[in-house]
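K.L.:
Please find one structure pasted underneath; my questions will follow.
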There are 2 protein chains.
Amino acid sequence: MAVASLKKPKSRIGEVNVERILDAGLVIFSRHGFSGARIDQIAEAAEMSKPNVLYYFRTKEELYRAVLGRTLDMWLEPLRELDPQKSPREALGHYIDRKLTYSRMHPVASRLFAIEIMQGAKHLSQVLSTELASLIEAKKATIRKWVEEKRLAEIDPHHLLFAIWATTQHYADFAAQIATLTGKDLSDDAFFASAKAAVKRIILDGLLPR
Amino acid sequence: MAVASLKKPKSRIGEVNVERILDAGLVIFSRHGFSGARIDQIAEAAEMSKPNVLYYFRTKEELYRAVLGRTLDMWLEPLRELDPQKSPREALGHYIDRKLTYSRMHPVASRLFAIEIMQGAKHLSQVLSTELASLIEAKKATIRKWVEEKRLAEIDPHHLLFAIWATTQHYADFAAQIATLTGKDLSDDAFFASAKAAVKRIILDGLLPR
DNA sequence: ACTGAAATTGATCAAATGGTCAAGTTCAGC
DNA sequence: GCTGAACTTGACCATTTGATCAATTTCAGT
């Protein structure tokens, strides 16, 4: 695992409980934010008493960081796969696939991560500037190479990555808005397929006729 | 104003205070979320006592809704301008301009709005499904017409709008992440210009060479 | 200047909530 | 079965915080 979680459950049952708490924490924190989440709620969602939650995580803050660390690991994974060997269409297309699948499979984690960043990333600025920054550095080189080889339009790698993150994460992060406008979300197979096709078309080929 | 705020300040000084409170509320709510924000902080930011804040807004919730209503009005404005008479390139380009300028001028409002939606839009689901939904309905027709006239690639209007919202709002909403990766934000003239050019290029022309 | 409405706040309350603790229960290894 | 460590929780504490209120000050219109 890339992002350390400093937990040390002493037994099998302890590990299971830590998992249960992290799962519950993800749901509750994403729904109410750090301050809005109550340990009571998390305990209830994890089906155990409040003091027991505090037995595994000494403070609410410690639990929150643990939950965040987990989501960040998942968030980073698709980018690691971006393959310089493939063609830009194939590599970027696959990246969009992976990111959109992430939005589909882990919308709650996506939202928690987003909310944390929007509120200033106070709890993971460390990780962002190390873990993420170094991974980005490597991928930027790949994109620049493609541009130099004229296999990609002249574009700043940063803006390219931002555009892909934005469009793909939008389907998880703004699911509530999308649901009121379309009545659907990514769990719908057809909607997932149409979203994927649309994002790829827009990002890779653009809107205007050629 | 499109979204009603039910306030009724009885005097000039009252109006001024309501403004001060709304401004302060926007900052504090966006920084800590609804539950995390304390009326104390808002009062301090508005330079008045806590009971005085509650004098103008009877509850924290009422204040929060008022702040939200304001941000939503600003959020809707650029879309209203989307002009069916212009060419797709001109109209959509202008829309991207306006949305990106909004991200530049009102990043805090953008984040508050985003956080509210991510946490389920509990406080504005009403407005989303009426105000926003009807505006979208009108604009969808415009986009469909462009597609029929072959002046736009075959694309679902919803996905097109989502892509523009996502890419433009991303610069405000994820400013913290962008800052750690690039060291810049939209207040930087050069960065604003490059972001604008990049978003337009990607959305309108796509990444792959023609 | 006078007057009533609007504005302002110190003091205070009641509920919510993060965290502690002592006391018990369960479990793995012997 | 015994034992010590791991686990579990009801009861409780201290603090925070949304909201109230009585009392005072400021303001606009006459």
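Ordering of the structure tokens sets the chain letters (A, B, ...); residue numbers start at 1 within each chain; ligands are numbered from 1 in the order shown.
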What are the coordinates of chain A as a CSV table (one decimal) with C-alpha atoms, in the first residue's frame following a least-squares fit to chain B on all in-order C-alpha atoms?

P.N.:
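Contents of superposed-v3.csv, as written:
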```
chain,number,residue,atom,x,y,z
A,1,MET,CA,-33.4,37.3,-8.6
A,2,ALA,CA,-34.2,33.7,-9.6
A,3,VAL,CA,-33.8,32.0,-6.3
A,4,ALA,CA,-35.9,33.6,-3.5
A,5,SER,CA,-34.2,34.7,-0.3
A,6,LEU,CA,-37.0,35.4,2.2
A,7,LYS,CA,-35.1,38.0,4.1
A,8,LYS,CA,-36.8,41.3,5.0
A,9,PRO,CA,-34.3,43.8,6.4
A,10,LYS,CA,-36.3,46.7,7.7
A,11,SER,CA,-33.7,49.4,7.2
A,12,ARG,CA,-30.6,50.4,5.3
A,13,ILE,CA,-28.3,49.3,8.1
A,14,GLY,CA,-30.1,46.0,8.2
A,15,GLU,CA,-29.5,45.4,4.5
A,16,VAL,CA,-25.8,46.0,4.9
A,17,ASN,CA,-25.6,43.6,7.8
A,18,VAL,CA,-27.4,40.9,5.9
A,19,GLU,CA,-24.9,41.3,3.2
A,20,ARG,CA,-22.0,41.1,5.6
A,21,ILE,CA,-23.4,38.0,7.2
A,22,LEU,CA,-24.0,36.3,3.8
A,23,ASP,CA,-20.5,37.1,2.7
A,24,ALA,CA,-19.1,35.7,6.0
A,25,GLY,CA,-21.3,32.7,5.8
A,26,LEU,CA,-20.1,31.9,2.3
A,27,VAL,CA,-16.5,31.8,3.4
A,28,ILE,CA,-17.1,29.9,6.6
A,29,PHE,CA,-19.5,27.4,5.2
A,30,SER,CA,-17.3,26.6,2.2
A,31,ARG,CA,-14.4,26.1,4.5
A,32,HIS,CA,-16.0,23.8,7.1
A,33,GLY,CA,-19.2,22.6,5.6
A,34,PHE,CA,-22.6,23.2,7.1
A,35,SER,CA,-22.1,21.2,10.3
A,36,GLY,CA,-18.5,22.2,10.8
A,37,ALA,CA,-19.2,25.9,10.5
A,38,ARG,CA,-19.8,27.7,13.8
A,39,ILE,CA,-22.0,30.7,14.1
A,40,ASP,CA,-19.3,32.2,16.3
A,41,GLN,CA,-16.9,32.1,13.4
A,42,ILE,CA,-19.4,33.6,11.0
A,43,ALA,CA,-20.2,36.4,13.5
A,44,GLU,CA,-16.6,37.1,13.9
A,45,ALA,CA,-16.0,37.2,10.1
A,46,ALA,CA,-19.0,39.5,9.8
A,47,GLU,CA,-17.6,41.6,12.7
A,48,MET,CA,-20.7,41.4,14.9
A,49,SER,CA,-21.9,39.4,17.8
A,50,LYS,CA,-23.4,35.9,17.5
A,51,PRO,CA,-26.8,36.9,18.8
A,52,ASN,CA,-26.9,39.6,16.1
A,53,VAL,CA,-26.3,37.1,13.4
A,54,LEU,CA,-29.2,35.1,14.8
A,55,TYR,CA,-31.2,38.3,14.8
A,56,TYR,CA,-31.1,38.5,11.1
A,57,PHE,CA,-31.3,34.7,10.4
A,58,ARG,CA,-33.3,32.8,13.0
A,59,THR,CA,-31.3,29.6,12.6
A,60,LYS,CA,-28.1,28.4,11.2
A,61,GLU,CA,-30.0,26.4,8.6
A,62,GLU,CA,-31.9,29.5,7.4
A,63,LEU,CA,-28.6,31.3,7.0
A,64,TYR,CA,-27.2,28.4,5.1
A,65,ARG,CA,-30.1,28.3,2.7
A,66,ALA,CA,-29.8,32.0,2.1
A,67,VAL,CA,-26.1,31.7,1.3
A,68,LEU,CA,-26.8,28.7,-1.0
A,69,GLY,CA,-29.5,30.6,-2.9
A,70,ARG,CA,-27.1,33.3,-3.7
A,71,THR,CA,-24.4,31.0,-5.1
A,72,LEU,CA,-26.9,29.1,-7.2
A,73,ASP,CA,-28.1,32.3,-8.9
A,74,MET,CA,-24.5,33.1,-9.8
A,75,TRP,CA,-24.0,29.5,-11.0
A,76,LEU,CA,-27.0,29.6,-13.3
A,77,GLU,CA,-26.2,33.0,-15.0
A,78,PRO,CA,-23.6,31.9,-17.6
A,79,LEU,CA,-25.9,29.1,-18.9
A,80,ARG,CA,-28.7,31.5,-19.4
A,81,GLU,CA,-26.5,33.3,-21.9
A,82,LEU,CA,-25.9,30.3,-24.1
A,83,ASP,CA,-27.0,31.8,-27.4
A,84,PRO,CA,-28.7,29.6,-30.0
A,85,GLN,CA,-28.1,32.2,-32.6
A,86,LYS,CA,-24.3,32.1,-32.5
A,87,SER,CA,-22.2,29.3,-34.1
A,88,PRO,CA,-21.5,26.4,-31.8
A,89,ARG,CA,-17.8,27.3,-31.6
A,90,GLU,CA,-18.7,30.9,-30.6
A,91,ALA,CA,-21.5,30.0,-28.3
A,92,LEU,CA,-19.8,27.1,-26.5
A,93,GLY,CA,-16.5,29.0,-26.4
A,94,HIS,CA,-18.3,31.9,-24.8
A,95,TYR,CA,-19.9,29.6,-22.3
A,96,ILE,CA,-16.6,28.1,-21.4
A,97,ASP,CA,-15.2,31.7,-21.0
A,98,ARG,CA,-18.0,32.6,-18.7
A,99,LYS,CA,-17.8,29.5,-16.6
A,100,LEU,CA,-14.1,29.7,-16.2
A,101,THR,CA,-14.4,33.4,-15.3
A,102,TYR,CA,-17.0,32.4,-12.7
A,103,SER,CA,-14.4,29.9,-11.3
A,104,ARG,CA,-11.9,32.7,-11.2
A,105,MET,CA,-14.1,35.3,-9.6
A,106,HIS,CA,-16.1,33.1,-7.3
A,107,PRO,CA,-14.1,30.0,-6.4
A,108,VAL,CA,-15.5,30.0,-2.9
A,109,ALA,CA,-19.1,30.0,-4.1
A,110,SER,CA,-18.2,27.3,-6.6
A,111,ARG,CA,-16.9,25.1,-3.8
A,112,LEU,CA,-19.8,25.7,-1.5
A,113,PHE,CA,-22.2,24.7,-4.3
A,114,ALA,CA,-20.1,21.6,-5.1
A,115,ILE,CA,-19.9,20.5,-1.5
A,116,GLU,CA,-23.6,20.9,-1.1
A,117,ILE,CA,-24.3,18.7,-4.1
A,118,MET,CA,-21.7,16.1,-3.1
A,119,GLN,CA,-23.3,15.7,0.3
A,120,GLY,CA,-26.6,14.9,-1.4
A,121,ALA,CA,-28.0,18.4,-2.2
A,122,LYS,CA,-30.3,18.0,0.8
A,123,HIS,CA,-30.7,21.8,1.1
A,124,LEU,CA,-31.4,22.6,-2.6
A,125,SER,CA,-32.8,19.5,-4.2
A,126,GLN,CA,-36.0,21.6,-4.7
A,127,VAL,CA,-34.3,24.2,-6.7
A,128,LEU,CA,-32.2,21.8,-8.7
A,129,SER,CA,-35.3,20.0,-10.0
A,130,THR,CA,-37.2,23.1,-10.9
A,131,GLU,CA,-35.1,26.2,-11.6
A,132,LEU,CA,-32.1,24.3,-13.1
A,133,ALA,CA,-34.1,21.5,-14.7
A,134,SER,CA,-36.2,23.9,-16.8
A,135,LEU,CA,-33.2,25.9,-17.9
A,136,ILE,CA,-31.4,22.8,-18.9
A,137,GLU,CA,-34.5,21.6,-20.9
A,138,ALA,CA,-34.3,24.8,-23.0
A,139,LYS,CA,-30.6,24.5,-23.6
A,140,LYS,CA,-30.7,20.9,-24.5
A,141,ALA,CA,-32.9,21.8,-27.5
A,142,THR,CA,-30.3,24.2,-28.7
A,143,ILE,CA,-27.6,21.6,-28.6
A,144,ARG,CA,-29.7,19.0,-30.3
A,145,LYS,CA,-30.4,21.4,-33.1
A,146,TRP,CA,-26.7,22.0,-33.6
A,147,VAL,CA,-26.1,18.2,-33.7
A,148,GLU,CA,-28.9,17.8,-36.3
A,149,GLU,CA,-27.4,20.5,-38.4
A,150,LYS,CA,-24.1,18.6,-38.3
A,151,ARG,CA,-22.5,21.6,-36.7
A,152,LEU,CA,-21.6,19.5,-33.7
A,153,ALA,CA,-20.5,15.9,-33.3
A,154,GLU,CA,-23.1,13.4,-32.3
A,155,ILE,CA,-23.3,13.9,-28.6
A,156,ASP,CA,-25.9,13.7,-25.8
A,157,PRO,CA,-26.6,17.2,-24.6
A,158,HIS,CA,-26.4,16.1,-21.0
A,159,HIS,CA,-22.9,14.7,-21.3
A,160,LEU,CA,-21.8,17.8,-23.2
A,161,LEU,CA,-23.0,20.1,-20.4
A,162,PHE,CA,-21.5,17.8,-17.7
A,163,ALA,CA,-18.1,17.9,-19.5
A,164,ILE,CA,-18.1,21.7,-19.6
A,165,TRP,CA,-19.3,22.1,-16.0
A,166,ALA,CA,-16.7,19.5,-14.8
A,167,THR,CA,-13.7,21.0,-16.6
A,168,THR,CA,-14.4,24.6,-15.8
A,169,GLN,CA,-15.5,24.2,-12.2
A,170,HIS,CA,-12.6,21.9,-11.5
A,171,TYR,CA,-10.2,24.9,-11.5
A,172,ALA,CA,-12.2,26.4,-8.6
A,173,ASP,CA,-13.3,23.3,-6.8
A,174,PHE,CA,-9.9,21.5,-6.8
A,175,ALA,CA,-7.8,24.6,-6.5
A,176,ALA,CA,-6.0,23.2,-3.6
A,177,GLN,CA,-4.9,20.2,-5.6
A,178,ILE,CA,-4.0,22.2,-8.6
A,179,ALA,CA,-2.0,24.6,-6.4
A,180,THR,CA,0.2,21.8,-5.0
A,181,LEU,CA,0.8,20.4,-8.5
A,182,THR,CA,1.3,23.6,-10.4
A,183,GLY,CA,1.9,26.2,-7.8
A,184,LYS,CA,-0.7,28.4,-9.5
A,185,ASP,CA,-4.4,29.2,-9.5
A,186,LEU,CA,-6.8,31.1,-11.7
A,187,SER,CA,-6.0,34.4,-10.1
A,188,ASP,CA,-2.7,34.2,-12.1
A,189,ASP,CA,-3.4,35.8,-15.5
A,190,ALA,CA,-1.1,33.5,-17.5
A,191,PHE,CA,-2.5,30.4,-15.8
A,192,PHE,CA,-6.0,31.6,-16.4
A,193,ALA,CA,-5.3,32.1,-20.1
A,194,SER,CA,-3.6,28.8,-20.5
A,195,ALA,CA,-6.5,27.0,-18.7
A,196,LYS,CA,-9.0,28.7,-20.9
A,197,ALA,CA,-7.1,27.8,-24.1
A,198,ALA,CA,-6.6,24.2,-22.9
A,199,VAL,CA,-10.3,23.6,-22.0
A,200,LYS,CA,-11.5,25.1,-25.3
A,201,ARG,CA,-9.0,23.1,-27.3
A,202,ILE,CA,-9.9,19.8,-25.5
A,203,ILE,CA,-13.7,20.3,-25.5
A,204,LEU,CA,-14.0,21.8,-28.9
A,205,ASP,CA,-11.3,20.2,-30.9
A,206,GLY,CA,-10.2,17.2,-29.0
A,207,LEU,CA,-6.7,15.9,-28.2
A,208,LEU,CA,-6.0,13.6,-31.1
A,209,PRO,CA,-4.5,15.2,-34.2
A,210,ARG,CA,-6.8,15.7,-37.1
```

K.L.:
If you take only C-alpha atoms (C1' of nucleotides) and a cut-off of 9 Å, which residues of chain D touch chain A, and what are their nearest atom pairs and distances in Å to one decimal, in chain and number order, as a Markdown table?

P.N.:
```
| residue | atom | partner | partner_atom | distance |
| --- | --- | --- | --- | --- |
| D:DA6 | C1' | A:Lys10 | CA | 7.4 |
| D:DC7 | C1' | A:Gly14 | CA | 8.2 |
| D:DT8 | C1' | A:Asn52 | CA | 6.4 |
| D:DT9 | C1' | A:Ser49 | CA | 6.6 |
```

K.L.:
Would you put the residues from that selection into a file with N, CA and C atoms (P, O5', C5', C4', C3', O3' and C1' of nucleotides), as an mmCIF file, in the first residue's frame?

P.N.:
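The resulting file, selection.cif, is shown below:
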```cif
data_model
loop_
_atom_site.group_PDB
_atom_site.id
_atom_site.type_symbol
_atom_site.label_atom_id
_atom_site.label_comp_id
_atom_site.auth_asym_id
_atom_site.auth_seq_id
_atom_site.Cartn_x
_atom_site.Cartn_y
_atom_site.Cartn_z
ATOM 1 P P DA D 6 -2.508 -7.605 23.574
ATOM 2 O "O5'" DA D 6 -3.974 -7.771 22.983
ATOM 3 C "C5'" DA D 6 -4.289 -8.935 22.211
ATOM 4 C "C4'" DA D 6 -5.784 -9.003 22.001
ATOM 5 C "C3'" DA D 6 -6.414 -7.707 21.458
ATOM 6 O "O3'" DA D 6 -7.220 -8.035 20.338
ATOM 7 C "C1'" DA D 6 -7.591 -8.459 23.372
ATOM 8 P P DC D 7 -7.943 -6.883 19.523
ATOM 9 O "O5'" DC D 7 -9.389 -6.859 20.185
ATOM 10 C "C5'" DC D 7 -10.142 -8.061 20.226
ATOM 11 C "C4'" DC D 7 -11.375 -7.863 21.082
ATOM 12 C "C3'" DC D 7 -12.308 -6.702 20.684
ATOM 13 O "O3'" DC D 7 -13.554 -7.266 20.350
ATOM 14 C "C1'" DC D 7 -12.027 -6.845 23.029
ATOM 15 P P DT D 8 -14.629 -6.367 19.643
ATOM 16 O "O5'" DT D 8 -15.480 -5.857 20.873
ATOM 17 C "C5'" DT D 8 -16.189 -6.804 21.670
ATOM 18 C "C4'" DT D 8 -16.895 -6.086 22.806
ATOM 19 C "C3'" DT D 8 -17.603 -4.785 22.423
ATOM 20 O "O3'" DT D 8 -18.993 -4.994 22.512
ATOM 21 C "C1'" DT D 8 -16.435 -4.604 24.492
ATOM 22 P P DT D 9 -19.953 -3.878 21.986
ATOM 23 O "O5'" DT D 9 -20.307 -3.124 23.347
ATOM 24 C "C5'" DT D 9 -20.754 -3.895 24.464
ATOM 25 C "C4'" DT D 9 -20.881 -3.002 25.687
ATOM 26 C "C3'" DT D 9 -21.533 -1.634 25.424
ATOM 27 O "O3'" DT D 9 -22.503 -1.404 26.420
ATOM 28 C "C1'" DT D 9 -19.547 -1.371 26.636
#
```

K.L.:
Residues of chain C within 10 Å of chain A, counting only C-alpha atoms (C1' of nucleotides), what are they? List them as a PDB file with N, CA and C atoms (P, O5', C5', C4', C3', O3' and C1' of nucleotides), in the first residue's frame.

P.N.:
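Final output, saved to iface-v1.pdb:
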```pdb
ATOM      1  P    DA C  16     -30.045  16.484  21.408  1.00  0.00           P
ATOM      2  O5'  DA C  16     -28.542  16.697  20.929  1.00  0.00           O
ATOM      3  C5'  DA C  16     -28.232  17.895  20.207  1.00  0.00           C
ATOM      4  C4'  DA C  16     -26.761  17.908  19.875  1.00  0.00           C
ATOM      5  C3'  DA C  16     -26.184  16.561  19.438  1.00  0.00           C
ATOM      6  O3'  DA C  16     -25.251  16.801  18.402  1.00  0.00           O
ATOM      7  C1'  DA C  16     -25.037  17.337  21.370  1.00  0.00           C
ATOM      8  P    DT C  17     -24.637  15.559  17.613  1.00  0.00           P
ATOM      9  O5'  DT C  17     -23.197  15.401  18.276  1.00  0.00           O
ATOM     10  C5'  DT C  17     -22.389  16.543  18.417  1.00  0.00           C
ATOM     11  C4'  DT C  17     -21.137  16.192  19.178  1.00  0.00           C
ATOM     12  C3'  DT C  17     -20.645  14.753  18.961  1.00  0.00           C
ATOM     13  O3'  DT C  17     -19.271  14.795  18.733  1.00  0.00           O
ATOM     14  C1'  DT C  17     -20.729  15.241  21.244  1.00  0.00           C
ATOM     15  P    DG C  18     -18.555  13.685  17.793  1.00  0.00           P
ATOM     16  O5'  DG C  18     -17.085  13.695  18.375  1.00  0.00           O
ATOM     17  C5'  DG C  18     -16.375  14.930  18.405  1.00  0.00           C
ATOM     18  C4'  DG C  18     -15.363  14.889  19.523  1.00  0.00           C
ATOM     19  C3'  DG C  18     -14.484  13.645  19.507  1.00  0.00           C
ATOM     20  O3'  DG C  18     -13.145  14.024  19.817  1.00  0.00           O
ATOM     21  C1'  DG C  18     -15.664  13.779  21.569  1.00  0.00           C
ATOM     22  P    DG C  19     -11.959  12.954  19.718  1.00  0.00           P
ATOM     23  O5'  DG C  19     -11.932  12.395  21.210  1.00  0.00           O
ATOM     24  C5'  DG C  19     -11.623  13.303  22.264  1.00  0.00           C
ATOM     25  C4'  DG C  19     -11.884  12.649  23.599  1.00  0.00           C
ATOM     26  C3'  DG C  19     -11.173  11.310  23.836  1.00  0.00           C
ATOM     27  O3'  DG C  19     -10.259  11.486  24.917  1.00  0.00           O
ATOM     28  C1'  DG C  19     -13.407  11.284  24.626  1.00  0.00           C
ATOM     29  P    DT C  20      -9.331  10.248  25.365  1.00  0.00           P
ATOM     30  O5'  DT C  20     -10.018   9.828  26.738  1.00  0.00           O
ATOM     31  C5'  DT C  20     -10.338  10.848  27.673  1.00  0.00           C
ATOM     32  C4'  DT C  20     -10.887  10.233  28.950  1.00  0.00           C
ATOM     33  C3'  DT C  20     -10.123   9.006  29.459  1.00  0.00           C
ATOM     34  O3'  DT C  20      -9.905   9.179  30.855  1.00  0.00           O
ATOM     35  C1'  DT C  20     -12.434   8.505  29.251  1.00  0.00           C
ATOM     36  P    DC C  27     -15.634 -15.185  21.170  1.00  0.00           P
ATOM     37  O5'  DC C  27     -14.058 -15.335  21.034  1.00  0.00           O
ATOM     38  C5'  DC C  27     -13.278 -14.180  20.734  1.00  0.00           C
ATOM     39  C4'  DC C  27     -11.815 -14.493  20.912  1.00  0.00           C
ATOM     40  C3'  DC C  27     -11.395 -15.886  20.436  1.00  0.00           C
ATOM     41  O3'  DC C  27     -10.319 -15.745  19.527  1.00  0.00           O
ATOM     42  C1'  DC C  27     -10.564 -15.455  22.628  1.00  0.00           C
ATOM     43  P    DA C  28      -9.930 -17.026  18.564  1.00  0.00           P
ATOM     44  O5'  DA C  28      -8.385 -17.192  18.891  1.00  0.00           O
ATOM     45  C5'  DA C  28      -7.571 -16.035  19.045  1.00  0.00           C
ATOM     46  C4'  DA C  28      -6.251 -16.417  19.680  1.00  0.00           C
ATOM     47  C3'  DA C  28      -5.664 -17.737  19.189  1.00  0.00           C
ATOM     48  O3'  DA C  28      -4.258 -17.598  19.094  1.00  0.00           O
ATOM     49  C1'  DA C  28      -6.061 -17.887  21.520  1.00  0.00           C
TER      50       DA C  28
END
```

K.L.:
Can you measure atom C1' of DT3 of chain C to atom C1' of DA28 of chain D for me? One decimal in Å is fine.

P.N.:
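For atom C1' of DT3 of chain C relative to atom C1' of DA28 of chain D, the distance reads 10.5 Å.
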
K.L.:
List every residue of segment 21-188 of chain B that DSSP, applied to the backbone, labels as alpha helix (DSSP H), and write the result as a PyMOL selection string.

P.N.:
chain B and resi 21-36+39-45+50-56+60-80+88-105+107-118+125-127+133-148+157-173+175-182
